[in-house]
Amino acid sequence: MIDGRVDDFEDGDIYNYLGFTWESVSGGAEADATIFVEAGGFNDSRYQLTIGGMRPTGSGGDLVSGARVRMGQALEANRSEVTNVTAYQGLELRMRGTPGSYIVQMGTEAVTDFDFYNAYVEVTQDWALFRIPFDDFQQEGFGSPERWTGSDVTHIAIYSNRFGPYTIAVDDIRFY
């Protein structure tokens with residue numbers, strides 16, 4: 001990772017700066033998500049990541065809808081490649097779209113029960129910069145509590161926290 005950059009989508013593809021693919025994530029019946037990199041983006045940006053999907057009304061945490069990109073991978077049994085972000089203070093990204101609450105998630109190797117670190121942002125139709133300090137990322141509490149270290153980040157994800165259909169645009173993701 002150079003200068004904390006995760007992805008600005010300026011290359012027009014679905015690979016982040018570490019070479020991992022952005023993927024749509026949806027869980028459970030009636031939840032769905034689609035992603036694509038398209039023209040547009042913040043300010044003079046040529047491209048943005050667009051996430052569109054549906055989160056069923058009244059669904060719980062298991063019916064997710066959004067996108068995720070790995071920041072590391074399992075290499076072999078008991079050995080993984082992860083990203084160390086201890087040199088940074090937080091994560092920043094720009095978003096706009098269907099107004100409502102969205103989840104920005106960071107996964108770590110220490111969390112093995114899916115109770116990853118989440119922060120919540122309120123998106124509007126206008127581009128906004130979200131600077132999220134690591135202290136604002138919290139586990140939800142349904143799994144084993146793990147202390148955040150920043151030394152073992154495995155993925156970044158963006159999920160809808162609102163019910164119903166949504167579309168969001170994402171640009172300029174980086175650690176600061």
# chains A, B, ... in the order shown; residues from 1 in each chain; ligands from 1

$ residues_around --residues "Tyr15 (chain A)" --least-positions-apart "3" --cutoff "12 Å" --atoms "only C-alpha atoms" --output "list in words"
Val6, Asp7, Asp8, Phe9, Glu10, Asp11, Gly12, Leu18, Gly19, Phe20, Thr21, Trp22, Glu23, Phe36, Val37, Leu49, Arg68, Val69, Arg70 and Met71 of chain A

$ closest_residue --among "A:Thr83, A:Val170, A:Ile158, A:Pro56" --to "Ser24 (chain A)" --atoms "only C-alpha atoms"
A:Ile158

$ closest_residue --among "A:Ile14, A:Gly150, A:Leu93, A:Ala128" --to "Tyr47 (chain A)" --atoms "only C-alpha atoms"
A:Ile14

$ select_by_dssp --residues "region 8-159 of chain A" --states "strand (DSSP E)" --output "VMD selection string"
chain A and resid 22 to 26 32 to 39 47 to 55 65 to 70 73 to 76 79 to 81 90 to 97 100 to 108 117 to 123 128 to 133 138 to 139 153 to 159

$ residues_around --residues "Gln138 (chain A)" --least-positions-apart "2" --cutoff "7 Å" --atoms "only C-alpha atoms" --output "ChimeraX atom specification"
/A:117-119,136,140

$ write_last_selection --atoms "N, CA and C atoms" --output "PDB file, in the first residue's frame"
ATOM      1  N   TYR A 117     -15.247  -5.122  12.957  1.00  0.00           N
ATOM      2  CA  TYR A 117     -15.293  -3.747  13.435  1.00  0.00           C
ATOM      3  C   TYR A 117     -16.103  -2.886  12.469  1.00  0.00           C
ATOM      4  N   ASN A 118     -17.186  -2.285  12.963  1.00  0.00           N
ATOM      5  CA  ASN A 118     -18.089  -1.489  12.141  1.00  0.00           C
ATOM      6  C   ASN A 118     -18.122  -0.042  12.598  1.00  0.00           C
ATOM      7  N   ALA A 119     -18.275   0.844  11.626  1.00  0.00           N
ATOM      8  CA  ALA A 119     -18.568   2.256  11.872  1.00  0.00           C
ATOM      9  C   ALA A 119     -19.762   2.602  10.991  1.00  0.00           C
ATOM     10  N   ASP A 136     -13.478   4.688  16.254  1.00  0.00           N
ATOM     11  CA  ASP A 136     -14.913   4.674  15.948  1.00  0.00           C
ATOM     12  C   ASP A 136     -15.386   3.326  15.409  1.00  0.00           C
ATOM     13  N   GLU A 140     -19.863  -5.433  17.180  1.00  0.00           N
ATOM     14  CA  GLU A 140     -21.285  -5.333  17.524  1.00  0.00           C
ATOM     15  C   GLU A 140     -21.601  -6.013  18.853  1.00  0.00           C
TER      16      GLU A 140
END

$ residues_around --residues "Asp115 (chain A)" --least-positions-apart "6" --cutoff "12 Å" --atoms "only C-alpha atoms" --output "ChimeraX atom specification"
/A:61-62,105-109,137-147

$ closest_residue --among "A:Ile2, A:Ile168, A:Ala33, A:Ile156" --to "Ser101 (chain A)" --atoms "only C-alpha atoms"
A:Ile168

$ residues_around --residues "Ala29 (chain A)" --least-positions-apart "6" --cutoff "12 Å" --atoms "only C-alpha atoms" --output "CSV table (one decimal) with C-alpha atoms, in the first residue's frame"
chain,number,residue,atom,x,y,z
A,54,MET,CA,-31.7,-4.5,-1.7
A,55,ARG,CA,-31.9,-5.2,2.0
A,56,PRO,CA,-35.2,-6.7,3.0
A,57,THR,CA,-37.4,-4.8,5.5
A,59,SER,CA,-33.9,-8.2,8.2
A,60,GLY,CA,-31.2,-8.7,10.7
A,62,ASP,CA,-27.2,-11.9,8.6
A,63,LEU,CA,-28.9,-10.4,5.6
A,64,VAL,CA,-26.1,-8.1,4.4
A,65,SER,CA,-26.0,-6.2,1.1

$ closest_residue --among "A:Asp113, A:Asp126, A:Asp135, A:Asp152" --to "Gly90 (chain A)" --atoms "only C-alpha atoms"
A:Asp135

$ atom_distance --atom1 "CA of Met95 (chain A)" --atom2 "CA of Gln125 (chain A)"
8.8 Å

$ residues_around --residues "Tyr159 (chain A)" --least-positions-apart "2" --cutoff "8 Å" --atoms "only C-alpha atoms" --output "PyMOL selection string"
chain A and resi 64-67+102-105+157+161

$ write_last_selection --atoms "N, CA and C atoms" --output "tab-separated table (two decimals), in the first residue's frame"
chain	number	residue	atom	x	y	z
A	64	VAL	N	-26.95	-9.24	4.77
A	64	VAL	CA	-26.15	-8.10	4.37
A	64	VAL	C	-26.29	-7.85	2.87
A	65	SER	N	-26.00	-6.63	2.49
A	65	SER	CA	-26.01	-6.24	1.09
A	65	SER	C	-24.99	-5.14	0.92
A	66	GLY	N	-23.99	-5.38	0.07
A	66	GLY	CA	-22.95	-4.37	-0.13
A	66	GLY	C	-21.79	-4.90	-0.94
A	67	ALA	N	-20.59	-4.40	-0.61
A	67	ALA	CA	-19.37	-4.78	-1.33
A	67	ALA	C	-18.22	-4.92	-0.35
A	102	TYR	N	-25.23	3.63	6.44
A	102	TYR	CA	-24.42	2.59	5.83
A	102	TYR	C	-23.32	2.18	6.81
A	103	ILE	N	-22.87	0.96	6.67
A	103	ILE	CA	-21.84	0.40	7.54
A	103	ILE	C	-20.52	0.35	6.78
A	104	VAL	N	-19.47	0.90	7.37
A	104	VAL	CA	-18.12	0.72	6.85
A	104	VAL	C	-17.46	-0.26	7.81
A	105	GLN	N	-16.98	-1.36	7.28
A	105	GLN	CA	-16.47	-2.44	8.12
A	105	GLN	C	-15.00	-2.73	7.82
A	157	ALA	N	-15.24	-3.43	3.97
A	157	ALA	CA	-16.54	-3.66	3.36
A	157	ALA	C	-17.44	-2.44	3.58
A	161	ASN	N	-27.19	-0.25	5.75
A	161	ASN	CA	-27.81	-0.44	7.05
A	161	ASN	C	-29.28	-0.01	6.98

$ residues_around --residues "Pro99 (chain A)" --least-positions-apart "3" --cutoff "8 Å" --atoms "only C-alpha atoms" --output "VMD selection string"
chain A and resid 96 122 to 125

$ closest_residue --among "A:Glu81, A:Asp172, A:Asp32, A:Asp44" --to "Tyr17 (chain A)" --atoms "only C-alpha atoms"
A:Asp172

$ atom_distance --atom1 "CA of Asp171 (chain A)" --atom2 "CA of Ile132 (chain A)"
14.8 Å

$ closest_residue --among "A:Phe175, A:Trp148, A:Tyr120, A:Tyr88" --to "Arg162 (chain A)" --atoms "only C-alpha atoms"
A:Tyr120
